[in-house]
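So this block is final_8.pdb, PDB, C-alpha atoms and all ligand atoms:
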ATOM      1  CA  MET Q   1      20.485-245.363  10.735  1.00  0.00           C
ATOM      2  CA  LYS Q   2      20.310-248.873  12.107  1.00  0.00           C
ATOM      3  CA  GLN Q   3      16.517-248.788  11.860  1.00  0.00           C
ATOM      4  CA  LEU Q   4      16.732-247.576   8.296  1.00  0.00           C
ATOM      5  CA  LEU Q   5      19.081-250.428   7.419  1.00  0.00           C
ATOM      6  CA  THR Q   6      16.771-252.936   9.075  1.00  0.00           C
ATOM      7  CA  LEU Q   7      13.851-251.519   7.139  1.00  0.00           C
ATOM      8  CA  LEU Q   8      15.796-251.686   3.871  1.00  0.00           C
ATOM      9  CA  PHE Q   9      16.796-255.234   4.627  1.00  0.00           C
ATOM     10  CA  LEU Q  10      13.239-256.287   5.445  1.00  0.00           C
ATOM     11  CA  SER Q  11      11.815-254.728   2.301  1.00  0.00           C
ATOM     12  CA  PHE Q  12      14.486-256.492   0.316  1.00  0.00           C
ATOM     13  CA  VAL Q  13      13.544-259.830   1.877  1.00  0.00           C
ATOM     14  CA  ALA Q  14       9.867-259.126   1.184  1.00  0.00           C
ATOM     15  CA  LEU Q  15      10.645-258.208  -2.413  1.00  0.00           C
ATOM     16  CA  ALA Q  16      12.784-261.302  -2.877  1.00  0.00           C
ATOM     17  CA  SER Q  17       9.998-263.560  -1.643  1.00  0.00           C
ATOM     18  CA  VAL Q  18       7.457-261.912  -3.924  1.00  0.00           C
ATOM     19  CA  GLN Q  19       9.816-262.472  -6.844  1.00  0.00           C
ATOM     20  CA  SER Q  20      10.287-266.129  -6.016  1.00  0.00           C
ATOM     21  CA  ALA Q  21       6.539-266.873  -5.989  1.00  0.00           C
ATOM     22  CA  GLY Q  22       5.073-268.740  -8.955  1.00  0.00           C
ATOM     23  CA  ALA Q  23       6.762-270.485 -11.827  1.00  0.00           C
ATOM     24  CA  GLU Q  24       9.820-268.636 -12.868  1.00  0.00           C
ATOM     25  CA  THR Q  25      12.926-269.417 -14.762  1.00  0.00           C
ATOM     26  CA  ARG Q  26      16.122-270.443 -13.061  1.00  0.00           C
ATOM     27  CA  LEU Q  27      17.599-267.784 -15.350  1.00  0.00           C
ATOM     28  CA  ARG Q  28      15.755-265.143 -13.357  1.00  0.00           C
ATOM     29  CA  THR Q  29      17.299-266.353 -10.103  1.00  0.00           C
ATOM     30  CA  ILE Q  30      20.713-266.303 -11.756  1.00  0.00           C
ATOM     31  CA  MET Q  31      20.009-262.734 -12.886  1.00  0.00           C
ATOM     32  CA  ASN Q  32      19.190-261.655  -9.351  1.00  0.00           C
ATOM     33  CA  GLU Q  33      22.449-263.192  -8.198  1.00  0.00           C
ATOM     34  CA  LEU Q  34      24.305-261.330 -10.946  1.00  0.00           C
ATOM     35  CA  ASN Q  35      22.635-258.166  -9.719  1.00  0.00           C
ATOM     36  CA  MET Q  36      23.706-258.784  -6.112  1.00  0.00           C
ATOM     37  CA  ASN Q  37      27.274-259.446  -7.214  1.00  0.00           C
ATOM     38  CA  THR Q  38      27.361-256.325  -9.370  1.00  0.00           C
ATOM     39  CA  MET Q  39      26.243-254.347  -6.312  1.00  0.00           C
ATOM     40  CA  LYS Q  40      29.036-256.002  -4.363  1.00  0.00           C
ATOM     41  CA  VAL Q  41      31.555-254.700  -6.897  1.00  0.00           C
ATOM     42  CA  VAL Q  42      30.074-251.179  -6.707  1.00  0.00           C
ATOM     43  CA  ASP Q  43      30.190-251.323  -2.911  1.00  0.00           C
ATOM     44  CA  GLY Q  44      33.798-252.511  -3.032  1.00  0.00           C
ATOM     45  CA  VAL Q  45      34.751-249.618  -5.315  1.00  0.00           C
ATOM     46  CA  MET Q  46      33.338-247.064  -2.897  1.00  0.00           C
ATOM     47  CA  ARG Q  47      35.010-248.683   0.105  1.00  0.00           C
ATOM     48  CA  GLU Q  48      38.243-249.447  -1.787  1.00  0.00           C
ATOM     49  CA  ASP Q  49      37.694-252.972  -0.569  1.00  0.00           C
ATOM     50  CA  PHE Q  50      39.545-254.948  -3.224  1.00  0.00           C
ATOM     51  CA  ALA Q  51      38.684-258.329  -1.711  1.00  0.00           C
ATOM     52  CA  LEU Q  52      34.986-257.476  -2.017  1.00  0.00           C
ATOM     53  CA  ILE Q  53      35.451-256.345  -5.624  1.00  0.00           C
ATOM     54  CA  GLU Q  54      37.322-259.517  -6.468  1.00  0.00           C
ATOM     55  CA  ALA Q  55      34.686-261.711  -4.818  1.00  0.00           C
ATOM     56  CA  GLY Q  56      31.827-259.984  -6.673  1.00  0.00           C
ATOM     57  CA  ALA Q  57      33.610-260.021 -10.032  1.00  0.00           C
ATOM     58  CA  THR Q  58      34.644-263.675  -9.681  1.00  0.00           C
ATOM     59  CA  ALA Q  59      31.060-264.651  -8.857  1.00  0.00           C
ATOM     60  CA  ILE Q  60      29.870-262.791 -11.969  1.00  0.00           C
ATOM     61  CA  ALA Q  61      32.505-264.528 -14.115  1.00  0.00           C
ATOM     62  CA  GLU Q  62      31.546-267.932 -12.761  1.00  0.00           C
ATOM     63  CA  HIS Q  63      27.789-267.411 -12.733  1.00  0.00           C
ATOM     64  CA  GLU Q  64      25.695-270.545 -12.933  1.00  0.00           C
ATOM     65  CA  LYS Q  65      24.485-271.532 -16.376  1.00  0.00           C
ATOM     66  CA  ALA Q  66      20.750-271.619 -16.974  1.00  0.00           C
ATOM     67  CA  PRO Q  67      19.440-275.199 -17.145  1.00  0.00           C
ATOM     68  CA  MET Q  68      19.699-276.948 -20.502  1.00  0.00           C
ATOM     69  CA  ALA Q  69      15.901-276.880 -21.027  1.00  0.00           C
ATOM     70  CA  GLU Q  70      15.771-273.082 -20.618  1.00  0.00           C
ATOM     71  CA  ARG Q  71      18.791-272.539 -22.823  1.00  0.00           C
ATOM     72  CA  LYS Q  72      17.345-274.797 -25.526  1.00  0.00           C
ATOM     73  CA  ARG Q  73      14.082-272.914 -25.473  1.00  0.00           C
ATOM     74  CA  ILE Q  74      15.816-269.541 -25.761  1.00  0.00           C
ATOM     75  CA  VAL Q  75      18.194-270.642 -28.506  1.00  0.00           C
ATOM     76  CA  GLY Q  76      15.347-272.364 -30.364  1.00  0.00           C
ATOM     77  CA  HIS Q  77      13.314-269.192 -30.258  1.00  0.00           C
ATOM     78  CA  LEU Q  78      16.083-266.729 -31.130  1.00  0.00           C
ATOM     79  CA  LYS Q  79      17.430-268.952 -33.934  1.00  0.00           C
ATOM     80  CA  GLU Q  80      20.115-267.049 -35.870  1.00  0.00           C
ATOM     81  CA  ARG Q  81      20.136-264.309 -33.231  1.00  0.00           C
ATOM     82  CA  ALA Q  82      21.094-266.779 -30.502  1.00  0.00           C
ATOM     83  CA  SER Q  83      24.783-266.155 -31.173  1.00  0.00           C
ATOM     84  CA  GLY Q  84      24.242-262.497 -30.226  1.00  0.00           C
ATOM     85  CA  PHE Q  85      22.697-263.556 -26.914  1.00  0.00           C
ATOM     86  CA  LYS Q  86      25.510-266.019 -26.171  1.00  0.00           C
ATOM     87  CA  GLY Q  87      28.153-263.550 -27.347  1.00  0.00           C
ATOM     88  CA  ILE Q  88      27.067-260.947 -24.788  1.00  0.00           C
ATOM     89  CA  ASP Q  89      27.208-263.564 -22.048  1.00  0.00           C
ATOM     90  CA  GLY Q  90      30.702-264.609 -23.127  1.00  0.00           C
ATOM     91  CA  ALA Q  91      31.894-260.987 -23.097  1.00  0.00           C
ATOM     92  CA  LEU Q  92      30.392-260.579 -19.621  1.00  0.00           C
ATOM     93  CA  HIS Q  93      32.526-263.462 -18.423  1.00  0.00           C
ATOM     94  CA  ASN Q  94      35.722-261.949 -19.859  1.00  0.00           C
ATOM     95  CA  ASP Q  95      34.962-258.471 -18.511  1.00  0.00           C
ATOM     96  CA  ALA Q  96      34.334-259.898 -15.036  1.00  0.00           C
ATOM     97  CA  VAL Q  97      37.625-261.824 -15.125  1.00  0.00           C
ATOM     98  CA  THR Q  98      39.384-258.561 -16.075  1.00  0.00           C
ATOM     99  CA  VAL Q  99      37.760-256.764 -13.132  1.00  0.00           C
ATOM    100  CA  ALA Q 100      38.838-259.514 -10.725  1.00  0.00           C
ATOM    101  CA  GLU Q 101      42.408-259.176 -12.053  1.00  0.00           C
ATOM    102  CA  ALA Q 102      42.297-255.397 -11.701  1.00  0.00           C
ATOM    103  CA  ALA Q 103      41.118-255.843  -8.104  1.00  0.00           C
ATOM    104  CA  ARG Q 104      44.049-258.148  -7.363  1.00  0.00           C
ATOM    105  CA  ALA Q 105      46.348-255.473  -8.844  1.00  0.00           C
ATOM    106  CA  ARG Q 106      44.565-252.881  -6.666  1.00  0.00           C
ATOM    107  CA  ASP Q 107      43.918-250.798  -9.779  1.00  0.00           C
ATOM    108  CA  LEU Q 108      40.703-248.945  -8.981  1.00  0.00           C
ATOM    109  CA  GLU Q 109      40.665-247.067 -12.294  1.00  0.00           C
ATOM    110  CA  ALA Q 110      40.768-250.339 -14.264  1.00  0.00           C
ATOM    111  CA  VAL Q 111      38.084-251.785 -11.986  1.00  0.00           C
ATOM    112  CA  VAL Q 112      35.735-248.891 -12.736  1.00  0.00           C
ATOM    113  CA  GLU Q 113      36.361-249.168 -16.477  1.00  0.00           C
ATOM    114  CA  GLY Q 114      35.698-252.898 -16.360  1.00  0.00           C
ATOM    115  CA  LEU Q 115      32.571-252.398 -14.280  1.00  0.00           C
ATOM    116  CA  ALA Q 116      31.240-250.014 -16.927  1.00  0.00           C
ATOM    117  CA  ARG Q 117      31.866-252.672 -19.591  1.00  0.00           C
ATOM    118  CA  ILE Q 118      30.066-255.262 -17.447  1.00  0.00           C
ATOM    119  CA  GLN Q 119      27.060-252.994 -17.024  1.00  0.00           C
ATOM    120  CA  ARG Q 120      26.962-252.183 -20.726  1.00  0.00           C
ATOM    121  CA  GLY Q 121      26.833-255.951 -21.298  1.00  0.00           C
ATOM    122  CA  CYS Q 122      23.907-256.386 -18.878  1.00  0.00           C
ATOM    123  CA  VAL Q 123      22.056-253.521 -20.538  1.00  0.00           C
ATOM    124  CA  ALA Q 124      22.842-254.713 -24.081  1.00  0.00           C
ATOM    125  CA  CYS Q 125      21.294-258.096 -23.400  1.00  0.00           C
ATOM    126  CA  HIS Q 126      18.306-256.654 -21.578  1.00  0.00           C
ATOM    127  CA  THR Q 127      17.603-254.125 -24.321  1.00  0.00           C
ATOM    128  CA  GLY Q 128      18.063-256.689 -27.045  1.00  0.00           C
ATOM    129  CA  PHE Q 129      16.442-259.785 -25.570  1.00  0.00           C
ATOM    130  CA  ARG Q 130      14.817-259.495 -22.134  1.00  0.00           C
ATOM    131  CA  GLN Q 131      11.280-258.651 -23.228  1.00  0.00           C
ATOM    132  CA  GLU Q 132      11.304-261.410 -25.797  1.00  0.00           C
ATOM    133  CA  VAL Q 133      12.651-264.041 -23.414  1.00  0.00           C
ATOM    134  CA  ARG Q 134      10.123-263.038 -20.772  1.00  0.00           C
ATOM    135  CA  GLN Q 135       7.298-263.420 -23.263  1.00  0.00           C
ATOM    136  CA  LEU Q 136       8.624-266.829 -24.185  1.00  0.00           C
ATOM    137  CA  PHE Q 137       8.472-268.081 -20.590  1.00  0.00           C
ATOM    138  CA  TYR Q 138       5.639-266.110 -19.001  1.00  0.00           C
ATOM    139  CA  LYS Q 139       3.130-265.305 -21.735  1.00  0.00           C
TER     140      LYS Q 139
HETATM  141  C1  LIG Q 201      22.839-262.824 -22.226  1.00  0.00           C
HETATM  142  C2  LIG Q 201      21.747-262.009 -21.754  1.00  0.00           C
HETATM  143  C3  LIG Q 201      21.780-261.343 -20.417  1.00  0.00           C
HETATM  144  C4  LIG Q 201      22.860-260.791 -19.788  1.00  0.00           C
HETATM  145  C5  LIG Q 201      24.302-260.718 -20.245  1.00  0.00           C
HETATM  146  C6  LIG Q 201      22.366-260.242 -18.547  1.00  0.00           C
HETATM  147  N1  LIG Q 201      21.025-260.454 -18.429  1.00  0.00           N
HETATM  148 FE1  LIG Q 201      19.877-259.955 -16.835  1.00  0.00          FE
HETATM  149  N2  LIG Q 201      18.244-260.736 -17.774  1.00  0.00           N
HETATM  150  C7  LIG Q 201      18.252-261.402 -18.985  1.00  0.00           C
HETATM  151  C8  LIG Q 201      16.937-261.958 -19.247  1.00  0.00           C
HETATM  152  C9  LIG Q 201      16.536-262.770 -20.454  1.00  0.00           C
HETATM  153  C10 LIG Q 201      16.125-261.602 -18.144  1.00  0.00           C
HETATM  154  C11 LIG Q 201      14.655-261.999 -17.904  1.00  0.00           C
HETATM  155  C12 LIG Q 201      14.623-263.310 -17.124  1.00  0.00           C
HETATM  156  C13 LIG Q 201      13.256-263.696 -16.639  1.00  0.00           C
HETATM  157  O1  LIG Q 201      12.434-262.817 -16.354  1.00  0.00           O
HETATM  158  O2  LIG Q 201      13.001-264.920 -16.532  1.00  0.00           O
HETATM  159  C14 LIG Q 201      16.990-260.822 -17.250  1.00  0.00           C
HETATM  160  C15 LIG Q 201      16.556-260.251 -16.073  1.00  0.00           C
HETATM  161  C16 LIG Q 201      17.356-259.580 -15.170  1.00  0.00           C
HETATM  162  C17 LIG Q 201      16.889-258.997 -13.926  1.00  0.00           C
HETATM  163  C18 LIG Q 201      15.457-258.969 -13.421  1.00  0.00           C
HETATM  164  C19 LIG Q 201      15.216-260.222 -12.592  1.00  0.00           C
HETATM  165  C20 LIG Q 201      13.796-260.311 -12.088  1.00  0.00           C
HETATM  166  O3  LIG Q 201      13.624-260.740 -10.906  1.00  0.00           O
HETATM  167  O4  LIG Q 201      12.850-259.979 -12.818  1.00  0.00           O
HETATM  168  C21 LIG Q 201      17.979-258.463 -13.300  1.00  0.00           C
HETATM  169  C22 LIG Q 201      18.004-257.761 -11.965  1.00  0.00           C
HETATM  170  C23 LIG Q 201      19.124-258.701 -14.153  1.00  0.00           C
HETATM  171  N3  LIG Q 201      18.704-259.381 -15.280  1.00  0.00           N
HETATM  172  C24 LIG Q 201      20.404-258.318 -13.853  1.00  0.00           C
HETATM  173  C25 LIG Q 201      21.494-258.505 -14.699  1.00  0.00           C
HETATM  174  C26 LIG Q 201      22.834-258.045 -14.415  1.00  0.00           C
HETATM  175  C27 LIG Q 201      23.268-257.303 -13.175  1.00  0.00           C
HETATM  176  C28 LIG Q 201      23.609-258.400 -15.478  1.00  0.00           C
HETATM  177  C29 LIG Q 201      25.049-258.135 -15.734  1.00  0.00           C
HETATM  178  C30 LIG Q 201      26.009-258.390 -14.699  1.00  0.00           C
HETATM  179  C31 LIG Q 201      22.740-259.090 -16.422  1.00  0.00           C
HETATM  180  N4  LIG Q 201      21.478-259.133 -15.913  1.00  0.00           N
HETATM  181  C32 LIG Q 201      23.167-259.606 -17.623  1.00  0.00           C
HETATM  182  C33 LIG Q 201      19.320-261.517 -19.838  1.00  0.00           C
HETATM  183  C34 LIG Q 201      20.621-261.120 -19.564  1.00  0.00           C
END
Using structure tokens, write down the structure from this file.
Ligand code: HEC
Amino acid sequence: MKQLLTLLFLSFVALASVQSAGAETRLRTIMNELNMNTMKVVDGVMREDFALIEAGATAIAEHEKAPMAERKRIVGHLKERASGFKGIDGALHNDAVTVAEAARARDLEAVVEGLARIQRGCVACHTGFRQEVRQLFYK
């Protein structure tokens, strides 16, 4: 078991270093942090570790903003659809705050509902915009 965990950890480190090679957006790093924090919430749910859930959800709610230059480029490209992109991000913030509150109240049911809303937000933005944003930065 320990060996398996070490192996998993090492492959994760290897993967992370591959991902950080070359010119990438700061947004991508922020996304990987969001992913880690979402996993933290999932882990907390399964362990009924409310402090872990709260920490993950708070980090999601307070996620770093992409640098101004990246945001400008995205907004400039999406034009009238930029409000959709920003709207999903705003909802993500509110949903994460709700999950952190539910964790403080030790309400696992509300945490799981909020987590589902968070994940729907991630997926909504990815489905709607990821490919396009990637093309904008990496074409
Ligand atoms: C407002 C839009 C938006 C929201 C909300 C969003 N993402 Fe993303 N996500 C993106 C975009 C755009 C990319 C592509 C970034 C790039 O490749 O530079 C991305 C890429 C990713 C990636 C791939 C990173 C990589 O190394 O290629 C992961 C993982 C990810 N997001 C996780 C999440 C999680 C978890 C959430 C929700 C908690 C989330 N995202 C919410 C827009 C969003």
Please put the answer as JSON: centre and edge lengths, in Å with one decimal, of a box along x, y and z that encloses all listed atoms of region 107-125 of chain Q plus 5 Å on each side.
{"center_x": 32.6, "center_y": -252.6, "center_z": -16.5, "size_x": 32.6, "size_y": 21.0, "size_z": 25.1}
Worksheet item: At what distance in Å, to one decimal, does CA of Val97 (chain Q) lie from atom C12 of ligand LIG 201 (chain Q)?
Response: 23.1 Å
Worksheet item: Residues within 6 Å of ligand LIG 201 (chain Q) (all atoms listed in the file), as a ChimeraX atom specification?
Response: /Q:19,25,27-28,31-32,34-35,38,85-86,88-89,118-119,121-122,125-126,129-130,133-134
Suppose we keep C-alpha atoms; can you now write the selection as an mmCIF file, in the frame of the given file?
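And here's out.cif as it stands now:
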data_model
loop_
_atom_site.group_PDB
_atom_site.id
_atom_site.type_symbol
_atom_site.label_atom_id
_atom_site.label_comp_id
_atom_site.auth_asym_id
_atom_site.auth_seq_id
_atom_site.Cartn_x
_atom_site.Cartn_y
_atom_site.Cartn_z
ATOM 1 C CA GLN Q 19 9.816 -262.472 -6.844
ATOM 2 C CA THR Q 25 12.926 -269.417 -14.762
ATOM 3 C CA LEU Q 27 17.599 -267.784 -15.350
ATOM 4 C CA ARG Q 28 15.755 -265.143 -13.357
ATOM 5 C CA MET Q 31 20.009 -262.734 -12.886
ATOM 6 C CA ASN Q 32 19.190 -261.655 -9.351
ATOM 7 C CA LEU Q 34 24.305 -261.330 -10.946
ATOM 8 C CA ASN Q 35 22.635 -258.166 -9.719
ATOM 9 C CA THR Q 38 27.361 -256.325 -9.370
ATOM 10 C CA PHE Q 85 22.697 -263.556 -26.914
ATOM 11 C CA LYS Q 86 25.510 -266.019 -26.171
ATOM 12 C CA ILE Q 88 27.067 -260.947 -24.788
ATOM 13 C CA ASP Q 89 27.208 -263.564 -22.048
ATOM 14 C CA ILE Q 118 30.066 -255.262 -17.447
ATOM 15 C CA GLN Q 119 27.060 -252.994 -17.024
ATOM 16 C CA GLY Q 121 26.833 -255.951 -21.298
ATOM 17 C CA CYS Q 122 23.907 -256.386 -18.878
ATOM 18 C CA CYS Q 125 21.294 -258.096 -23.400
ATOM 19 C CA HIS Q 126 18.306 -256.654 -21.578
ATOM 20 C CA PHE Q 129 16.442 -259.785 -25.570
ATOM 21 C CA ARG Q 130 14.817 -259.495 -22.134
ATOM 22 C CA VAL Q 133 12.651 -264.041 -23.414
ATOM 23 C CA ARG Q 134 10.123 -263.038 -20.772
#
Worksheet item: Could you write out as a list in words the residues that the PyMOL selection byres (((chain Q and resi 73) around 12) and not hetatm) matches in the shown file?
Response: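 Applied to this file, the PyMOL selection byres (((chain Q and resi 73) around 12) and not hetatm) returns Thr25, Leu27, Ala66, Pro67, Met68, Ala69, Glu70, Arg71, Lys72, Ile74, Val75, Gly76, His77, Leu78, Lys79, Ala82, Glu132, Val133, Arg134, Gln135, Leu136 and Phe137 of chain Q.
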Worksheet entry | Result set, the PyMOL selection byres (((chain Q and resi 106) around 12) and not hetatm) on current file, as a list of chain:residue names |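 Evaluating the PyMOL selection byres (((chain Q and resi 106) around 12) and not hetatm) on these coordinates yields Q:Gly44, Q:Val45, Q:Glu48, Q:Asp49, Q:Phe50, Q:Ala51, Q:Leu52, Q:Ile53, Q:Glu54, Q:Val99, Q:Ala100, Q:Glu101, Q:Ala102, Q:Ala103, Q:Arg104, Q:Ala105, Q:Asp107, Q:Leu108, Q:Glu109, Q:Ala110, Q:Val111, Q:Val112.
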Could you save those same residues with C-alpha atoms as an mmCIF file, in the coordinates of the input?
data_model
loop_
_atom_site.group_PDB
_atom_site.id
_atom_site.type_symbol
_atom_site.label_atom_id
_atom_site.label_comp_id
_atom_site.auth_asym_id
_atom_site.auth_seq_id
_atom_site.Cartn_x
_atom_site.Cartn_y
_atom_site.Cartn_z
ATOM 1 C CA GLY Q 44 33.798 -252.511 -3.032
ATOM 2 C CA VAL Q 45 34.751 -249.618 -5.315
ATOM 3 C CA GLU Q 48 38.243 -249.447 -1.787
ATOM 4 C CA ASP Q 49 37.694 -252.972 -0.569
ATOM 5 C CA PHE Q 50 39.545 -254.948 -3.224
ATOM 6 C CA ALA Q 51 38.684 -258.329 -1.711
ATOM 7 C CA LEU Q 52 34.986 -257.476 -2.017
ATOM 8 C CA ILE Q 53 35.451 -256.345 -5.624
ATOM 9 C CA GLU Q 54 37.322 -259.517 -6.468
ATOM 10 C CA VAL Q 99 37.760 -256.764 -13.132
ATOM 11 C CA ALA Q 100 38.838 -259.514 -10.725
ATOM 12 C CA GLU Q 101 42.408 -259.176 -12.053
ATOM 13 C CA ALA Q 102 42.297 -255.397 -11.701
ATOM 14 C CA ALA Q 103 41.118 -255.843 -8.104
ATOM 15 C CA ARG Q 104 44.049 -258.148 -7.363
ATOM 16 C CA ALA Q 105 46.348 -255.473 -8.844
ATOM 17 C CA ASP Q 107 43.918 -250.798 -9.779
ATOM 18 C CA LEU Q 108 40.703 -248.945 -8.981
ATOM 19 C CA GLU Q 109 40.665 -247.067 -12.294
ATOM 20 C CA ALA Q 110 40.768 -250.339 -14.264
ATOM 21 C CA VAL Q 111 38.084 -251.785 -11.986
ATOM 22 C CA VAL Q 112 35.735 -248.891 -12.736
#
Discussion item. When you count all atoms listed in the file, which of these residues is closest to Ile30 (chain Q): Q:Leu115, Q:Glu62, Q:Tyr138, Q:Asp95?
Written reply: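 The closest residue to Ile30 (chain Q) is Q:Glu62.
Of note, CA of Thr29 (chain Q) and CA of Glu80 (chain Q) are spaced 25.9 Å apart.
Atom pair CA of Ala116 (chain Q) / CA of Ala61 (chain Q): separated by 14.8 Å.
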